[in-house]
Amino acid sequence: MLWNKIAGGVTPRGYPVIGPRGVFGGGNRGPKYNNIDYITIATTGNSIDFGDLFTPVTDNAGTGDGSRGVFGGGDANDVGITNRMEYITIATTGNALDFGDLTLARRALSATSNGSRGVFGGGFSSTGRVSNIDYITIATTGNAIDFGDLTVARWWGVAATSDGSRAVFGGGYTTTFTNIIDYIAIATLGNAIDFGDLTSARGGLAAVSDGTRGVFFGGNQNVIDYITIATTGNATDFGDLVAGQRIDLAGASDGTRGVFAGGNDGSNVIDYITIATPSNSVDFGDLGLGRSITAATSGG
């Protein structure tokens with residue numbers, strides 16, 4: 001198990017802080033939902049109720065530091081496209097609390113962290129797709145701060161993950177689906193840099209990491225592919241989704257296993273992979289409430 005939180009929020013080997021519990025918040029199946037539910041990633045089975053977000057919201061993004069999970073942005077029932085961020089303590093079930101605001105209200109964004117700093121990238125605002133990257137210090141509530149920009153403005157399921165040093169953003173939608181992967185050094189402000197390409201252009205996908213390998217899962221194609229996050233280059237085929245094509249899903253990891261939940265306008269499917277071993281995904285269990293474009297994080 002890679003999860004071994006220490007002062008400063010990262011493991012001794014520099015991995016992102018990841019943990020045994022995966023948490024999924026928000027989403028929709030026609031109506032929007034404020035549900036939060038969780039799983040124990042190492043143990044297959046159905047999700048369990050955790051609590052509620054402030055209001056029903058979809059198209060949001062999630063990240064965390066291993067103890068605290070933060071959900072930001074999305075399309076909310078009360079205000080529409082929102083800049084709201086909320087947080088939970090991952091090990092303790094309960095409702096989310098106010099964290100602060102993103103620099104720009106947007107939906108269909110992505111998020112990841114280095115175990116201390118969380119970054120939110122891309123999305124769709126009231127004026128169209130954006131390239132904005134914001135950051136927060138996850139342990140300290142407050143508003144996000146501008147970080148820089150993605151290489152290309154994009155939204156609709158651009159997926160993000162991290163090796164604890166570098167964050168990568170893959171896929172999404174510009175005026176069409178894209179195979180772009182770009183990256184940032186999370187500790188250093190600045191614009192993203194080209195990394196390489198996914199094996200196919202797609203959006204509505206999700207991503208996880210084991211601290212070395214980043215895996216991009218699903219989207220508008222039945223595809224799983226992977227990269228070594230520390231080394232720029234194109235993605236390599238990993239396998240296929242057990243339930244076929246699934247778009248608008250969310251992913252979480254315990255450092256060994258990656259799990260992916262929801263999608264397809266209300267799917268309750270959860271499936272998993274062993275990140276170090278390329279193969280097709282395997283059935284894990286079901287969400288308590290089937291939904292798409294939910295957000296996920298892990299810890300515990």
# chains A, B, ... in the order shown; residues from 1 in each chain; ligands from 1
call {"tool": "residues_around", "arguments": {"residues": "Ile138 (chain A)", "least_positions_apart": "2", "cutoff": "12 Å", "atoms": "only C-alpha atoms", "output": "count of residues only"}}
result
38
call {"tool": "closest_residue", "arguments": {"among": "A:Pro56, A:Gly171, A:Gly239, A:Gly45", "to": "Gly25 (chain A)", "atoms": "only C-alpha atoms"}}
result
A:Pro56
call {"tool": "residues_around", "arguments": {"residues": "Gly157 (chain A)", "least_positions_apart": "5", "cutoff": "9 Å", "atoms": "only C-alpha atoms", "output": "ChimeraX atom specification"}}
result
/A:59,108-110,123,170-173,202-206,219,247-249,293
call {"tool": "select_by_dssp", "arguments": {"residues": "region 228-274 of chain A", "states": "strand (DSSP E)", "output": "VMD selection string"}}
result
chain A and resid 228 236 to 239 250 to 253 257 to 261 269 to 274
call {"tool": "closest_residue", "arguments": {"among": "A:Thr277, A:Asn191, A:Ser125, A:Ser162", "to": "Asp149 (chain A)", "atoms": "only C-alpha atoms"}}
result
A:Asn191
call {"tool": "closest_atom_pairs", "arguments": {"of": "region 150-245 of chain A", "to": "region 265-271 of chain A", "cutoff": "9 Å", "atoms": "only C-alpha atoms", "output": "Markdown table"}}
result
| residue | atom | partner | partner_atom | distance |
| --- | --- | --- | --- | --- |
| A:Leu241 | CA | A:Asp271 | CA | 8.1 |
| A:Val242 | CA | A:Asp271 | CA | 7.4 |
| A:Ala243 | CA | A:Val269 | CA | 8.1 |
call {"tool": "residues_around", "arguments": {"residues": "Phe147 (chain A)", "least_positions_apart": "2", "cutoff": "7 Å", "atoms": "only C-alpha atoms", "output": "list in words"}}
result
Ile133, Asp134, Tyr135, Ile145, Leu189 and Gly190 of chain A
call {"tool": "write_last_selection", "arguments": {"atoms": "C-alpha atoms", "output": "PDB file, in the first residue's frame"}}
result
ATOM      1  CA  ILE A 133      -5.640  26.130 -14.080  1.00  0.00           C
ATOM      2  CA  ASP A 134      -6.279  27.079 -10.416  1.00  0.00           C
ATOM      3  CA  TYR A 135      -4.712  25.756  -7.247  1.00  0.00           C
ATOM      4  CA  ILE A 145      -5.417  31.085  -6.932  1.00  0.00           C
ATOM      5  CA  LEU A 189       3.251  27.952 -11.117  1.00  0.00           C
ATOM      6  CA  GLY A 190       3.168  28.207 -14.890  1.00  0.00           C
TER       7      GLY A 190
END
call {"tool": "closest_residue", "arguments": {"among": "A:Asp225, A:Thr92, A:Arg129, A:Thr199", "to": "Thr175 (chain A)", "atoms": "only C-alpha atoms"}}
result
A:Arg129
call {"tool": "residues_around", "arguments": {"residues": "Ile224 (chain A)", "least_positions_apart": "6", "cutoff": "12 Å", "atoms": "only C-alpha atoms", "output": "VMD selection string"}}
result
chain A and resid 198 to 200 202 205 to 208 214 to 218 235 to 242 244 to 246 258 260 272 to 273 275 277 to 281
call {"tool": "write_last_selection", "arguments": {"atoms": "N, CA and C atoms", "output": "tab-separated table (two decimals), in the first residue's frame"}}
result
chain	number	residue	atom	x	y	z
A	198	LEU	N	-2.82	10.67	-26.29
A	198	LEU	CA	-3.53	9.44	-26.00
A	198	LEU	C	-3.55	8.55	-27.24
A	199	THR	N	-3.89	7.26	-27.06
A	199	THR	CA	-3.95	6.37	-28.21
A	199	THR	C	-5.09	6.71	-29.15
A	200	SER	N	-6.10	7.45	-28.64
A	200	SER	CA	-7.19	7.90	-29.49
A	200	SER	C	-7.78	9.18	-28.92
A	202	ARG	N	-10.49	11.44	-27.45
A	202	ARG	CA	-11.74	11.16	-26.75
A	202	ARG	C	-11.93	12.13	-25.59
A	205	LEU	N	-13.59	10.98	-20.22
A	205	LEU	CA	-12.81	9.91	-19.65
A	205	LEU	C	-12.39	10.25	-18.22
A	206	ALA	N	-11.75	9.29	-17.54
A	206	ALA	CA	-11.25	9.48	-16.18
A	206	ALA	C	-9.83	8.96	-16.11
A	207	ALA	N	-9.10	9.33	-15.05
A	207	ALA	CA	-7.70	8.91	-14.92
A	207	ALA	C	-7.37	8.59	-13.47
A	208	VAL	N	-6.43	7.66	-13.29
A	208	VAL	CA	-5.89	7.32	-11.97
A	208	VAL	C	-4.39	7.12	-12.10
A	214	GLY	N	0.23	6.57	-15.03
A	214	GLY	CA	-1.09	7.16	-15.15
A	214	GLY	C	-1.91	6.38	-16.15
A	215	VAL	N	-3.16	6.06	-15.79
A	215	VAL	CA	-4.04	5.28	-16.65
A	215	VAL	C	-5.28	6.11	-16.98
A	216	PHE	N	-5.60	6.20	-18.27
A	216	PHE	CA	-6.78	6.91	-18.76
A	216	PHE	C	-7.81	5.88	-19.20
A	217	PHE	N	-9.01	6.06	-18.75
A	217	PHE	CA	-10.01	4.99	-18.79
A	217	PHE	C	-11.30	5.50	-19.40
A	218	GLY	N	-11.75	4.84	-20.48
A	218	GLY	CA	-13.06	5.12	-21.01
A	218	GLY	C	-13.16	6.40	-21.81
A	235	ALA	N	0.75	7.70	-25.14
A	235	ALA	CA	0.16	6.64	-24.34
A	235	ALA	C	0.23	5.30	-25.06
A	236	THR	N	0.15	4.22	-24.26
A	236	THR	CA	0.21	2.84	-24.74
A	236	THR	C	-1.08	2.12	-24.37
A	237	ASP	N	-1.53	1.22	-25.21
A	237	ASP	CA	-2.75	0.47	-24.93
A	237	ASP	C	-2.61	-0.33	-23.64
A	238	PHE	N	-3.65	-0.31	-22.80
A	238	PHE	CA	-3.67	-1.04	-21.53
A	238	PHE	C	-4.66	-2.20	-21.57
A	239	GLY	N	-5.82	-1.99	-22.18
A	239	GLY	CA	-6.87	-3.00	-22.23
A	239	GLY	C	-8.19	-2.34	-22.60
A	240	ASP	N	-9.29	-3.01	-22.26
A	240	ASP	CA	-10.63	-2.52	-22.59
A	240	ASP	C	-11.54	-2.52	-21.37
A	241	LEU	N	-12.62	-1.77	-21.43
A	241	LEU	CA	-13.60	-1.72	-20.36
A	241	LEU	C	-14.46	-2.97	-20.37
A	242	VAL	N	-14.71	-3.52	-19.19
A	242	VAL	CA	-15.47	-4.76	-19.08
A	242	VAL	C	-16.90	-4.60	-19.60
A	244	GLY	N	-17.98	-2.39	-21.87
A	244	GLY	CA	-18.04	-1.68	-23.13
A	244	GLY	C	-17.85	-0.18	-22.95
A	245	GLN	N	-18.07	0.56	-24.03
A	245	GLN	CA	-17.85	2.01	-24.01
A	245	GLN	C	-18.60	2.66	-22.86
A	246	ARG	N	-17.91	3.53	-22.13
A	246	ARG	CA	-18.54	4.25	-21.04
A	246	ARG	C	-17.98	5.65	-20.97
A	258	GLY	N	-7.03	0.77	-9.52
A	258	GLY	CA	-7.81	1.91	-9.98
A	258	GLY	C	-9.25	1.49	-10.17
A	260	PHE	N	-13.31	2.76	-11.36
A	260	PHE	CA	-14.00	3.71	-12.21
A	260	PHE	C	-15.49	3.49	-12.08
A	272	TYR	N	-12.72	-2.20	-12.08
A	272	TYR	CA	-11.39	-1.89	-11.58
A	272	TYR	C	-10.31	-2.55	-12.43
A	273	ILE	N	-9.10	-2.01	-12.27
A	273	ILE	CA	-7.89	-2.57	-12.86
A	273	ILE	C	-6.82	-2.62	-11.79
A	275	ILE	N	-3.24	-1.36	-11.58
A	275	ILE	CA	-2.60	-0.34	-12.41
A	275	ILE	C	-1.27	-0.82	-13.00
A	277	THR	N	-0.54	-3.74	-14.09
A	277	THR	CA	-0.68	-4.89	-14.98
A	277	THR	C	-1.69	-4.60	-16.07
A	278	PRO	N	-1.26	-4.32	-17.30
A	278	PRO	CA	-2.21	-4.07	-18.38
A	278	PRO	C	-3.15	-5.25	-18.58
A	279	SER	N	-4.45	-4.93	-18.69
A	279	SER	CA	-5.46	-5.96	-18.87
A	279	SER	C	-6.80	-5.27	-19.03
A	280	ASN	N	-7.83	-6.03	-19.32
A	280	ASN	CA	-9.18	-5.49	-19.33
A	280	ASN	C	-9.66	-5.25	-17.90
A	281	SER	N	-10.61	-4.34	-17.75
A	281	SER	CA	-11.16	-4.08	-16.42
A	281	SER	C	-12.02	-5.25	-15.95
call {"tool": "closest_residue", "arguments": {"among": "A:Asp49, A:Asp210, A:Asp194, A:Asp78", "to": "Thr161 (chain A)", "atoms": "only C-alpha atoms"}}
result
A:Asp210
call {"tool": "atom_distance", "arguments": {"atom1": "CA of Asp163 (chain A)", "atom2": "CA of Gly299 (chain A)"}}
result
15.3 Å
call {"tool": "closest_residue", "arguments": {"among": "A:Ala96, A:Thr58, A:Val23, A:Thr212", "to": "Trp156 (chain A)", "atoms": "only C-alpha atoms"}}
result
A:Thr58
call {"tool": "residues_around", "arguments": {"residues": "Val168 (chain A)", "least_positions_apart": "6", "cutoff": "8 Å", "atoms": "only C-alpha atoms", "output": "CSV table (one decimal) with C-alpha atoms, in the first residue's frame"}}
result
chain,number,residue,atom,x,y,z
A,160,ALA,CA,-6.2,14.6,-14.7
A,161,THR,CA,-3.9,12.5,-12.5
A,162,SER,CA,-0.5,12.9,-10.8
A,181,ILE,CA,-1.9,15.2,-23.0
A,182,ASP,CA,-0.2,18.1,-21.3
A,183,TYR,CA,1.5,18.5,-17.9
A,184,ILE,CA,2.5,20.9,-15.2
A,195,PHE,CA,3.4,15.7,-23.0
A,229,ILE,CA,4.1,10.2,-15.8
call {"tool": "atom_distance", "arguments": {"atom1": "CA of Asp146 (chain A)", "atom2": "CA of Arg106 (chain A)"}}
result
14.1 Å
call {"tool": "decode", "arguments": {"residues": "region 134-161 of chain A", "atoms": "N, CA and C atoms", "output": "tab-separated table (two decimals), in the first residue's frame"}}
result
chain	number	residue	atom	x	y	z
A	134	ASP	N	-6.28	26.47	-11.75
A	134	ASP	CA	-6.28	27.08	-10.42
A	134	ASP	C	-5.61	26.13	-9.44
A	135	TYR	N	-5.20	26.65	-8.29
A	135	TYR	CA	-4.71	25.76	-7.25
A	135	TYR	C	-5.21	26.18	-5.88
A	136	ILE	N	-5.22	25.20	-4.98
A	136	ILE	CA	-5.56	25.41	-3.57
A	136	ILE	C	-4.55	24.65	-2.72
A	137	THR	N	-4.43	25.06	-1.46
A	137	THR	CA	-3.78	24.23	-0.45
A	137	THR	C	-4.89	23.47	0.25
A	138	ILE	N	-4.91	22.16	0.09
A	138	ILE	CA	-6.08	21.36	0.46
A	138	ILE	C	-6.34	21.42	1.97
A	139	ALA	N	-5.31	21.50	2.77
A	139	ALA	CA	-5.48	21.50	4.22
A	139	ALA	C	-6.03	22.81	4.76
A	140	THR	N	-6.06	23.86	3.93
A	140	THR	CA	-6.45	25.20	4.38
A	140	THR	C	-7.59	25.72	3.53
A	141	THR	N	-8.76	25.93	4.12
A	141	THR	CA	-9.89	26.46	3.36
A	141	THR	C	-9.58	27.85	2.85
A	142	GLY	N	-10.20	28.19	1.72
A	142	GLY	CA	-9.99	29.50	1.11
A	142	GLY	C	-10.20	29.43	-0.38
A	143	ASN	N	-10.12	30.57	-1.03
A	143	ASN	CA	-10.35	30.63	-2.47
A	143	ASN	C	-9.14	30.15	-3.25
A	144	ALA	N	-9.39	29.64	-4.45
A	144	ALA	CA	-8.32	29.19	-5.34
A	144	ALA	C	-7.55	30.38	-5.90
A	145	ILE	N	-6.34	30.09	-6.38
A	145	ILE	CA	-5.42	31.08	-6.93
A	145	ILE	C	-5.04	30.64	-8.34
A	146	ASP	N	-4.86	31.60	-9.23
A	146	ASP	CA	-4.47	31.28	-10.61
A	146	ASP	C	-3.11	30.58	-10.65
A	147	PHE	N	-3.02	29.51	-11.43
A	147	PHE	CA	-1.79	28.74	-11.58
A	147	PHE	C	-1.15	28.98	-12.94
A	148	GLY	N	-1.96	29.01	-13.98
A	148	GLY	CA	-1.49	29.14	-15.35
A	148	GLY	C	-2.57	28.63	-16.29
A	149	ASP	N	-2.18	28.12	-17.46
A	149	ASP	CA	-3.15	27.67	-18.46
A	149	ASP	C	-2.73	26.35	-19.07
A	150	LEU	N	-3.73	25.54	-19.45
A	150	LEU	CA	-3.49	24.37	-20.28
A	150	LEU	C	-2.97	24.80	-21.65
A	151	THR	N	-2.35	23.88	-22.39
A	151	THR	CA	-1.86	24.22	-23.73
A	151	THR	C	-3.00	24.55	-24.69
A	152	VAL	N	-4.18	23.93	-24.43
A	152	VAL	CA	-5.36	24.16	-25.26
A	152	VAL	C	-6.58	24.22	-24.35
A	153	ALA	N	-7.42	25.21	-24.53
A	153	ALA	CA	-8.67	25.28	-23.77
A	153	ALA	C	-9.54	24.09	-24.13
A	154	ARG	N	-10.04	23.37	-23.11
A	154	ARG	CA	-10.87	22.22	-23.40
A	154	ARG	C	-11.70	21.84	-22.18
A	155	TRP	N	-12.72	21.02	-22.43
A	155	TRP	CA	-13.67	20.64	-21.39
A	155	TRP	C	-14.20	19.24	-21.70
A	156	TRP	N	-15.37	18.89	-21.14
A	156	TRP	CA	-16.07	17.64	-21.38
A	156	TRP	C	-15.16	16.44	-21.12
A	157	GLY	N	-14.86	16.24	-19.86
A	157	GLY	CA	-14.17	15.03	-19.48
A	157	GLY	C	-12.69	15.01	-19.76
A	158	VAL	N	-12.02	16.19	-19.82
A	158	VAL	CA	-10.57	16.16	-19.73
A	158	VAL	C	-10.24	15.49	-18.39
A	159	ALA	N	-9.28	14.55	-18.37
A	159	ALA	CA	-8.98	13.77	-17.17
A	159	ALA	C	-7.62	14.15	-16.63
A	160	ALA	N	-7.49	14.18	-15.30
A	160	ALA	CA	-6.23	14.58	-14.66
A	160	ALA	C	-5.79	13.53	-13.65
A	161	THR	N	-4.47	13.35	-13.56
A	161	THR	CA	-3.88	12.53	-12.50
A	161	THR	C	-2.46	13.01	-12.25
